[in-house]
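S.K.: Can you keep this structure in mind? I'll have questions shortly.
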Amino acid sequence: MTNQRSISCGLDFCAVPDLSNCLFAANSAKYDFVFVPLIHPLYKREFISGAAKERSGPFTRPDIVLCSSDWNHLIIGKLSPYIRVDSKNPAIKRNSEETLNQELALARHLGLVGITFKLMGGIEHNANLARIICDKVTSSCTLQVWIQIPMENPVKQAYSYRKQEYSSIESPWEWWNAFRIICDYDRKIGIALIVSHDLPEQEEIDRWLGEPVKCLIVPTTLFITNRKGYPVLSKAHQTLIKKFSMLEVQFVLTGANRHQNISYYHNYLEYLWKSCQINGPVERFARGYEDYLQCPLQPLMDNLESQTYEIFEKDPVKYTQYQTAIHQAILGIMSETNDKNKKLVIMVVGAGRGPLVFACLNAAEMANQKIKVYAVEKNPNAVLTLQALERDMWEDKVSVVSCDMRDWDAPEKADILVSELLGSFGDNELSPECLDGVQKFLKDDGISIPSTYTSHIAPVQSSKLYNEVRHCKDKDKHSLAHFETSYVVHLQNKYDIAKPQPLFTFKHPNKDCTIDNSRYEIKTFEVQQNSVLHGFSGYFDAVLYKNVTLSIEPSTRSPKMFSWFPIFFPIREPVQVKAGDQIVVHFWRQSSSKNVWYEWCISKPIPGPIHNPGGRSYTIGL
């Protein structure tokens with residue numbers, strides 16, 4: 001992903017005697033917004049009892065000190081730190097509830113975009129706070145809540161300095177996870193992650209990357225001074241900043257200015273931000289589609305549009321690999337024949353607008369071999385393009401066939417059968433059914449390109465994707481339909497709970513006496529650390545011919561290829577998993593005379609329901 005906008009940095013103020021002056025100072029140093037206390041600490045309210053109960057006068061500044069636009073866009077309100085709505089002391093608890101409600105009402109009155117507060121401790125210390133916050137955000141209020149959470153438990157850091165055992169100390173992620181569960185994953189609630197001096201293990205950092213982190217709070221004490229007197233970060237902290245920059249988070253600088261000008265910190269963070277701007281083909285293609293749910297293409301049921309063909313024809317890798325595979329296949333066939341004048345027959349099934357036909361012609365020219373190409377395409381609109389190319393460029397080298405490949409009666413058999421029917425999950429665009437239907441046109445010793453392909457799955461945590469699926473609405477479908485549908489997604493805001501494992505494999509030509517493309521597999525994944533299972537990411541890899549491959553599986557991904565995003569299979573309810581647990585998932589590929597569909601469920605760590613039974617929510621039409 002590339003950064004679509006310039007960096008957004010805020011400045012944290014612990015006290016604000018004059019709000020206009022603070023905004024001016026922040027803006028002069030290039031900061032875009034400020035964290036400010038809603039209430040001056042000296043104006044603590046006591047609604048139940050105490051010295052301040054009878055105090056007269058206003059409890060904070062009036063709204064007219066700023067115009068509405070400034071309140072709406074420049075201010076994040078900090079709740080009073082002494083609010084303790086989960087206190088065991090009834091008076092403190094009641095007083096804190098009144099204070100919290102008053103401050104939330106004020107934030108709403110001012111039209112603030114968000115409020116923030118620090119979360120310290122597990123849910124046993126914050127259940128009432130979570131209840132109140134949840135009640136406010138689930139109303140019509142548009143207020144965002146940024147919960148400040150330390151990346152490392154302060155207690156753990158203190159223990160580590162004394163070199164004591166701290167493995168049993170609770171991670172702040174556990175605080176956050178319990179809090180957001182009570183708030184039912186409301187997407188108005190996000191994280192303001194406080195960067196620690198001693199960073200946690202990489203696995204923990206990766207887990208934060210799967211959470212709704214809205215901003216990183218960066219203390220000035222993290223910065224060191226370089227030889228020129230400017231603030232810089234350690235290599236480890238630079239890497240961290242860059243990882244989160246890929247998710248386009250905002251930044252908030254907190255702490256005293258320890259250098260000549262506070263704008264120096266902004267300049268350095270902006271430098272790191274810009275260094276993440278990668279302008280490769282994949283990033284350019286994926287821009288704007290990060291974590292965006294798309295229904296997979298169904299080219300058998302629907303005729304693709306010209307724009308769709310055009311986009312995928314620009315892939316810099318896929319057709320090069322196909323051309324290499326075809327070239328090697330031609331050389332392989334010719335090395336085994338004595339007839340050097342033999343004209344090879346190549347069938348391109350699902351020819352689209354002709355990129356694979358060009359790959360065949362180029363490969364034949366490289367091999368100095370005569371070929372006859374049949375370009376078979378069912379989309380009548382794409383056939384117009386093929387016929388124009390046949391008339392103007394290809395002439396007698398290519399014969400265009402306007403027909404569904406499965407209904408075609410070929411005049412001769414092919415030496416090589418070429419197709420690009422692969423989907424994000426390998427077989428999800430029904431390549432097995434299509435190629436099984438046309439392999440009768442392939443010679444007994446003929447070559448299919450691709451020859452094999454395998455789907456892969458992995459358990460994934462992503463609050464973002466879970467909320468995206470949950471908020472899909474369709475009045476014509478039952479309430480669970482969107483959780484029983486697969487989606488093509490450019491995955492970004494996610495944490496991989498375990499590495500992908502291979503699932504279903506298909507080979508062509510299919511030599512089985514009875515062809516059956518239904519499948520059932522059980523996969524077991526080991527959980528490395530406490531996390532939340534929201535679904536399964538899906539990938540594929542394919543062997544085109546011998547050692548020529550295509551892959552979107554992360555460990556073997558074809559560099560710079562953008563024709564396929566991963567696929568995502570959600571589950572209805574998030575499942576809490578702990579380190580050492582096993583996730584056992586069951587996957588089925590089912591079919592009828594008209595449709596193919598997937599079903600899935602988990603049996604560990606807790607049994608779950610079958611998703612999409614009988615294809616009730618989503619099928620792929622034959």
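Following the order of the structure tokens, first chain is A, next is B, and so on, with residues numbered from 1 inside each chain and ligands from 1 in the order they appear.
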Between range 232-347 of chain A and range 200-221 of chain A, at 12 Å or less, what are the per-residue closest atom pairs and their distances in Å? Count only C-alpha atoms, order by chain and rising residue number, and return it as a tab-separated table.

M.R.:
residue	atom	partner	partner_atom	distance
A:Val232	CA	A:Thr220	CA	10.0
A:Leu233	CA	A:Thr220	CA	9.9
A:Ser234	CA	A:Thr221	CA	11.7
A:Ala236	CA	A:Gln202	CA	10.3
A:His237	CA	A:Val218	CA	10.0
A:Gln238	CA	A:Val218	CA	11.5
A:Thr239	CA	A:Gln202	CA	10.8
A:Leu240	CA	A:Ile205	CA	8.1
A:Ile241	CA	A:Leu216	CA	8.3
A:Lys242	CA	A:Leu216	CA	11.3
A:Lys243	CA	A:Leu209	CA	8.1
A:Phe244	CA	A:Leu209	CA	7.1
A:Ser245	CA	A:Leu216	CA	9.6
A:Met246	CA	A:Leu209	CA	9.8
A:Leu247	CA	A:Leu209	CA	8.1
A:Glu248	CA	A:Lys214	CA	8.5
A:Val249	CA	A:Cys215	CA	5.0
A:Gln250	CA	A:Cys215	CA	4.3
A:Phe251	CA	A:Leu216	CA	4.8
A:Val252	CA	A:Ile217	CA	4.7
A:Leu253	CA	A:Val218	CA	5.0
A:Thr254	CA	A:Pro219	CA	4.8
A:Gly255	CA	A:Thr220	CA	5.4
A:Ala256	CA	A:Thr220	CA	6.6
A:Asn257	CA	A:Thr220	CA	6.8
A:Arg258	CA	A:Thr220	CA	7.1
A:His259	CA	A:Thr220	CA	9.3
A:Ile262	CA	A:Thr220	CA	9.5
A:Ser263	CA	A:Thr220	CA	11.8
A:Tyr264	CA	A:Thr220	CA	10.9
A:Tyr265	CA	A:Thr220	CA	8.0
A:His266	CA	A:Val218	CA	10.8
A:Tyr268	CA	A:Thr220	CA	11.9
A:Leu269	CA	A:Val218	CA	9.8
A:Asp291	CA	A:Gly210	CA	11.2

S.K.: Output the selection as a JSON list (two decimals), in the first residue's frame - N, CA and C atoms for each residue.

M.R.:
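selection.json, freshly written:
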[["chain", "number", "residue", "atom", "x", "y", "z"],
["A", 232, "VAL", "N", 16.10, 11.97, 16.27],
["A", 232, "VAL", "CA", 15.90, 10.78, 15.44],
["A", 232, "VAL", "C", 15.49, 9.63, 16.35],
["A", 233, "LEU", "N", 15.02, 8.54, 15.74],
["A", 233, "LEU", "CA", 14.61, 7.35, 16.50],
["A", 233, "LEU", "C", 15.59, 6.21, 16.25],
["A", 234, "SER", "N", 15.60, 5.25, 17.16],
["A", 234, "SER", "CA", 16.41, 4.05, 16.98],
["A", 234, "SER", "C", 15.91, 3.27, 15.78],
["A", 236, "ALA", "N", 14.95, 0.22, 15.61],
["A", 236, "ALA", "CA", 13.76, -0.57, 15.96],
["A", 236, "ALA", "C", 12.51, 0.29, 15.93],
["A", 237, "HIS", "N", 12.62, 1.52, 16.47],
["A", 237, "HIS", "CA", 11.45, 2.40, 16.48],
["A", 237, "HIS", "C", 11.14, 2.93, 15.08],
["A", 238, "GLN", "N", 12.16, 3.11, 14.26],
["A", 238, "GLN", "CA", 11.92, 3.51, 12.88],
["A", 238, "GLN", "C", 11.11, 2.44, 12.15],
["A", 239, "THR", "N", 11.51, 1.19, 12.34],
["A", 239, "THR", "CA", 10.81, 0.08, 11.69],
["A", 239, "THR", "C", 9.35, 0.04, 12.14],
["A", 240, "LEU", "N", 9.14, 0.26, 13.44],
["A", 240, "LEU", "CA", 7.77, 0.27, 13.98],
["A", 240, "LEU", "C", 6.94, 1.37, 13.34],
["A", 241, "ILE", "N", 7.48, 2.58, 13.28],
["A", 241, "ILE", "CA", 6.75, 3.71, 12.70],
["A", 241, "ILE", "C", 6.39, 3.41, 11.25],
["A", 242, "LYS", "N", 7.32, 2.83, 10.52],
["A", 242, "LYS", "CA", 7.07, 2.53, 9.11],
["A", 242, "LYS", "C", 5.98, 1.46, 8.94],
["A", 243, "LYS", "N", 5.98, 0.46, 9.82],
["A", 243, "LYS", "CA", 4.95, -0.58, 9.73],
["A", 243, "LYS", "C", 3.56, 0.02, 9.90],
["A", 244, "PHE", "N", 3.41, 0.91, 10.88],
["A", 244, "PHE", "CA", 2.09, 1.51, 11.12],
["A", 244, "PHE", "C", 1.76, 2.58, 10.08],
["A", 245, "SER", "N", 2.79, 3.18, 9.51],
["A", 245, "SER", "CA", 2.54, 4.16, 8.45],
["A", 245, "SER", "C", 1.86, 3.50, 7.26],
["A", 246, "MET", "N", 2.15, 2.22, 7.03],
["A", 246, "MET", "CA", 1.51, 1.51, 5.93],
["A", 246, "MET", "C", 0.00, 1.40, 6.13],
["A", 247, "LEU", "N", -0.45, 1.51, 7.40],
["A", 247, "LEU", "CA", -1.88, 1.49, 7.70],
["A", 247, "LEU", "C", -2.47, 2.89, 7.75],
["A", 248, "GLU", "N", -1.63, 3.89, 7.44],
["A", 248, "GLU", "CA", -2.05, 5.29, 7.41],
["A", 248, "GLU", "C", -2.62, 5.77, 8.74],
["A", 249, "VAL", "N", -1.98, 5.38, 9.83],
["A", 249, "VAL", "CA", -2.38, 5.89, 11.14],
["A", 249, "VAL", "C", -1.93, 7.34, 11.27],
["A", 250, "GLN", "N", -2.49, 8.01, 12.27],
["A", 250, "GLN", "CA", -2.03, 9.35, 12.62],
["A", 250, "GLN", "C", -1.01, 9.24, 13.75],
["A", 251, "PHE", "N", -0.33, 10.34, 14.04],
["A", 251, "PHE", "CA", 0.68, 10.37, 15.09],
["A", 251, "PHE", "C", 0.38, 11.50, 16.05],
["A", 252, "VAL", "N", 0.71, 11.28, 17.31],
["A", 252, "VAL", "CA", 0.57, 12.33, 18.32],
["A", 252, "VAL", "C", 1.87, 12.39, 19.11],
["A", 253, "LEU", "N", 2.46, 13.57, 19.15],
["A", 253, "LEU", "CA", 3.70, 13.77, 19.90],
["A", 253, "LEU", "C", 3.34, 14.21, 21.31],
["A", 254, "THR", "N", 3.94, 13.56, 22.31],
["A", 254, "THR", "CA", 3.64, 13.91, 23.69],
["A", 254, "THR", "C", 4.94, 14.09, 24.48],
["A", 255, "GLY", "N", 4.89, 14.95, 25.48],
["A", 255, "GLY", "CA", 6.08, 15.19, 26.30],
["A", 255, "GLY", "C", 6.72, 16.54, 26.02],
["A", 256, "ALA", "N", 7.67, 16.89, 26.87],
["A", 256, "ALA", "CA", 8.34, 18.20, 26.76],
["A", 256, "ALA", "C", 9.22, 18.25, 25.51],
["A", 257, "ASN", "N", 9.32, 19.45, 24.95],
["A", 257, "ASN", "CA", 10.20, 19.66, 23.80],
["A", 257, "ASN", "C", 11.65, 19.60, 24.27],
["A", 258, "ARG", "N", 12.42, 18.68, 23.73],
["A", 258, "ARG", "CA", 13.81, 18.48, 24.15],
["A", 258, "ARG", "C", 14.80, 18.93, 23.08],
["A", 259, "HIS", "N", 14.29, 19.65, 22.08],
["A", 259, "HIS", "CA", 15.15, 20.14, 21.02],
["A", 259, "HIS", "C", 14.82, 21.61, 20.72],
["A", 262, "ILE", "N", 10.02, 22.39, 18.26],
["A", 262, "ILE", "CA", 9.17, 21.19, 18.32],
["A", 262, "ILE", "C", 8.77, 20.70, 16.93],
["A", 263, "SER", "N", 8.93, 21.56, 15.92],
["A", 263, "SER", "CA", 8.62, 21.14, 14.55],
["A", 263, "SER", "C", 9.62, 20.10, 14.05],
["A", 264, "TYR", "N", 10.81, 20.00, 14.69],
["A", 264, "TYR", "CA", 11.81, 19.02, 14.26],
["A", 264, "TYR", "C", 11.27, 17.60, 14.37],
["A", 265, "TYR", "N", 10.45, 17.34, 15.41],
["A", 265, "TYR", "CA", 9.88, 16.00, 15.59],
["A", 265, "TYR", "C", 8.93, 15.68, 14.43],
["A", 266, "HIS", "N", 8.11, 16.67, 14.08],
["A", 266, "HIS", "CA", 7.18, 16.50, 12.96],
["A", 266, "HIS", "C", 7.95, 16.22, 11.67],
["A", 268, "TYR", "N", 10.81, 14.88, 11.24],
["A", 268, "TYR", "CA", 11.41, 13.55, 11.22],
["A", 268, "TYR", "C", 10.35, 12.47, 10.97],
["A", 269, "LEU", "N", 9.20, 12.59, 11.64],
["A", 269, "LEU", "CA", 8.13, 11.62, 11.42],
["A", 269, "LEU", "C", 7.63, 11.68, 9.97],
["A", 291, "ASP", "N", -8.40, -3.46, 2.49],
["A", 291, "ASP", "CA", -9.44, -3.99, 3.40],
["A", 291, "ASP", "C", -10.86, -3.68, 2.90]]

S.K.: Using DSSP on the backbone, list every residue of range 403-542 of chain A that comes out as strand (DSSP E or B), and give them as a ChimeraX atom specification.

M.R.: /A:414-419,423,426,442-449,452-461,487-488,490,495-496,501-507,519-526,531-542

S.K.: Using C-alpha atoms, can you export the residues from the last selection as a short mmCIF file (atom, residue, chain, number, x, y, z; two decimals), in the first residue's frame?

M.R.:
data_model
loop_
_atom_site.label_atom_id
_atom_site.label_comp_id
_atom_site.auth_asym_id
_atom_site.auth_seq_id
_atom_site.Cartn_x
_atom_site.Cartn_y
_atom_site.Cartn_z
CA ALA A 414 -4.51 -29.84 -29.19
CA ASP A 415 -0.89 -30.27 -28.23
CA ILE A 416 -1.20 -27.54 -25.60
CA LEU A 417 -4.28 -26.31 -23.76
CA VAL A 418 -3.87 -22.84 -22.22
CA SER A 419 -6.27 -21.10 -19.80
CA GLY A 423 -9.38 -17.17 -9.02
CA GLY A 426 -7.40 -21.20 -7.18
CA LEU A 442 -6.26 -32.51 -25.65
CA LYS A 443 -4.01 -35.21 -27.13
CA ASP A 444 -3.14 -38.11 -24.85
CA ASP A 445 0.35 -36.72 -24.38
CA GLY A 446 -0.84 -33.11 -24.51
CA ILE A 447 0.09 -30.40 -22.00
CA SER A 448 -2.26 -28.32 -19.89
CA ILE A 449 -1.12 -24.86 -18.76
CA THR A 452 -1.78 -27.91 -11.12
CA TYR A 453 -3.01 -25.36 -8.60
CA THR A 454 -3.54 -25.47 -4.85
CA SER A 455 -5.58 -23.30 -2.51
CA HIS A 456 -4.18 -22.27 0.90
CA ILE A 457 -5.88 -21.00 4.06
CA ALA A 458 -4.74 -19.32 7.28
CA PRO A 459 -6.56 -18.13 10.42
CA VAL A 460 -6.66 -14.36 10.62
CA GLN A 461 -7.53 -11.64 13.15
CA TYR A 487 -14.81 -11.87 -0.29
CA VAL A 488 -11.83 -10.78 -2.35
CA HIS A 490 -6.51 -6.58 -0.35
CA TYR A 495 -2.79 -10.25 12.03
CA ASP A 496 -1.96 -13.74 10.79
CA GLN A 501 -1.49 -24.36 4.88
CA PRO A 502 -2.38 -26.01 1.54
CA LEU A 503 -6.03 -27.04 1.18
CA PHE A 504 -7.39 -28.27 -2.18
CA THR A 505 -5.24 -29.34 -5.16
CA PHE A 506 -6.40 -29.83 -8.77
CA LYS A 507 -4.38 -31.37 -11.62
CA ARG A 519 -13.36 -31.82 -1.66
CA TYR A 520 -13.21 -32.06 2.12
CA GLU A 521 -10.15 -31.21 4.21
CA ILE A 522 -9.43 -30.65 7.90
CA LYS A 523 -6.59 -28.29 8.84
CA THR A 524 -5.04 -27.72 12.27
CA PHE A 525 -3.23 -24.50 13.22
CA GLU A 526 -1.17 -23.86 16.34
CA SER A 531 -5.65 -13.44 19.74
CA VAL A 532 -9.12 -13.31 18.19
CA LEU A 533 -10.16 -15.45 15.23
CA HIS A 534 -12.34 -13.49 12.80
CA GLY A 535 -12.06 -15.77 9.77
CA PHE A 536 -9.66 -17.32 7.29
CA SER A 537 -7.57 -15.74 4.57
CA GLY A 538 -7.25 -17.72 1.34
CA TYR A 539 -4.57 -17.81 -1.34
CA PHE A 540 -3.42 -20.04 -4.19
CA ASP A 541 -0.31 -21.11 -6.02
CA ALA A 542 -0.13 -22.67 -9.46
#

S.K.: Please report, as a PyMOL selection string, each residue of range 71-276 of chain A to which DSSP assigns alpha helix (DSSP H) when run on this structure's backbone.

M.R.: chain A and resi 71-74+90-110+127-137+154-161+172-182+202-208+235-245+263-274

S.K.: Please determine, counting only C-alpha atoms, which residue among A:Met366, A:Ile515, A:Ala481, A:Ala25 has the shortest atom-to-atom distance to Arg616 in chain A.

M.R.: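 Closest to Arg616 in chain A of all the choices is A:Ala481.
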
S.K.: Applying 8 Å and only C-alpha atoms, which residues near Gln529 in chain A remain after dropping the ones on its own chain fewer than 2 positions away? List them as a short mmCIF file (atom, residue, chain, number, x, y, z; two decimals) with all heavy atoms, in the first residue's frame.

M.R.:
data_model
loop_
_atom_site.label_atom_id
_atom_site.label_comp_id
_atom_site.auth_asym_id
_atom_site.auth_seq_id
_atom_site.Cartn_x
_atom_site.Cartn_y
_atom_site.Cartn_z
N GLU A 203 6.04 -10.62 17.36
CA GLU A 203 4.71 -11.23 17.26
C GLU A 203 3.64 -10.35 17.90
O GLU A 203 2.53 -10.23 17.38
CB GLU A 203 4.74 -12.62 17.92
CG GLU A 203 3.54 -13.49 17.61
CD GLU A 203 3.62 -14.14 16.23
OE1 GLU A 203 4.65 -14.02 15.57
OE2 GLU A 203 2.62 -14.75 15.82
N ILE A 497 -2.69 -15.26 12.50
CA ILE A 497 -2.57 -16.06 13.72
C ILE A 497 -1.61 -17.24 13.50
O ILE A 497 -0.88 -17.63 14.41
CB ILE A 497 -3.96 -16.54 14.17
CG1 ILE A 497 -4.85 -15.34 14.51
CG2 ILE A 497 -3.86 -17.48 15.38
CD1 ILE A 497 -6.30 -15.68 14.79
N VAL A 527 -1.78 -21.96 17.71
CA VAL A 527 -1.86 -20.54 18.08
C VAL A 527 -0.61 -20.16 18.87
O VAL A 527 -0.28 -20.80 19.86
CB VAL A 527 -3.13 -20.26 18.92
CG1 VAL A 527 -3.19 -18.80 19.34
CG2 VAL A 527 -4.38 -20.65 18.13
N SER A 531 -5.15 -14.26 20.84
CA SER A 531 -5.65 -13.44 19.74
C SER A 531 -7.13 -13.74 19.53
O SER A 531 -7.74 -14.49 20.30
CB SER A 531 -4.84 -13.69 18.46
OG SER A 531 -4.60 -15.07 18.25
N LYS A 578 -6.19 -18.80 22.66
CA LYS A 578 -5.06 -18.56 23.56
C LYS A 578 -3.81 -19.26 23.05
O LYS A 578 -3.89 -20.24 22.30
CB LYS A 578 -5.40 -19.03 24.98
CG LYS A 578 -6.55 -18.26 25.63
CD LYS A 578 -6.71 -18.62 27.09
CE LYS A 578 -7.79 -17.76 27.75
NZ LYS A 578 -7.43 -16.33 27.74
N ALA A 579 -2.67 -18.76 23.48
CA ALA A 579 -1.39 -19.37 23.10
C ALA A 579 -1.41 -20.85 23.46
O ALA A 579 -1.79 -21.22 24.58
CB ALA A 579 -0.24 -18.66 23.80
N GLY A 580 -1.04 -21.70 22.53
CA GLY A 580 -1.05 -23.14 22.76
C GLY A 580 -2.32 -23.82 22.28
O GLY A 580 -2.36 -25.05 22.15
#

S.K.: For Leu38 in chain A, find every residue with an atom within 10 Å (counting only C-alpha atoms), except residues of its own chain fewer than 5 positions away, and show them as a list in words.

M.R.: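 The neighbour list is Ala15, Val16, Phe59, Thr60, Arg61, Ile75, Ile76, Gly77, Lys78, Leu79, Ser80, Glu103, Leu104, Leu106, Ala107 and Ile115 of chain A.
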
S.K.: What does the structure give for the distance between CA of Cys183 in chain A and CA of Cys134 in chain A, in Å to one decimal?

M.R.: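 Rounded to one decimal, the two atoms are 5.0 Å apart.
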
S.K.: At a cut-off of 12 Å, using only C-alpha atoms, what residues contact His482 in chain A? Leave out same-chain residues fewer than 4 positions from it and give the result as number ranges by chain.

M.R.: A: 293-295, 465-478, 486-487, 568-572, 611-612, 616-618

S.K.: Considering only C-alpha atoms, state which residue in the set A:Pro90, A:Pro355, A:Pro17, A:Pro296 is at the smallest distance from Tyr319 in chain A.

M.R.: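 Closest residue, counting only C-alpha atoms: A:Pro355.
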
S.K.: Can you tell me, as an MDAnalysis selection string, what residues are no more than 9 Å from range 147-156 of chain A when counting only C-alpha atoms, ignoring any on the same chain fewer than 6 positions away?

M.R.: chainID A and resid 115:121 165:167 169:173 175:176 189:200 204:205 208 217
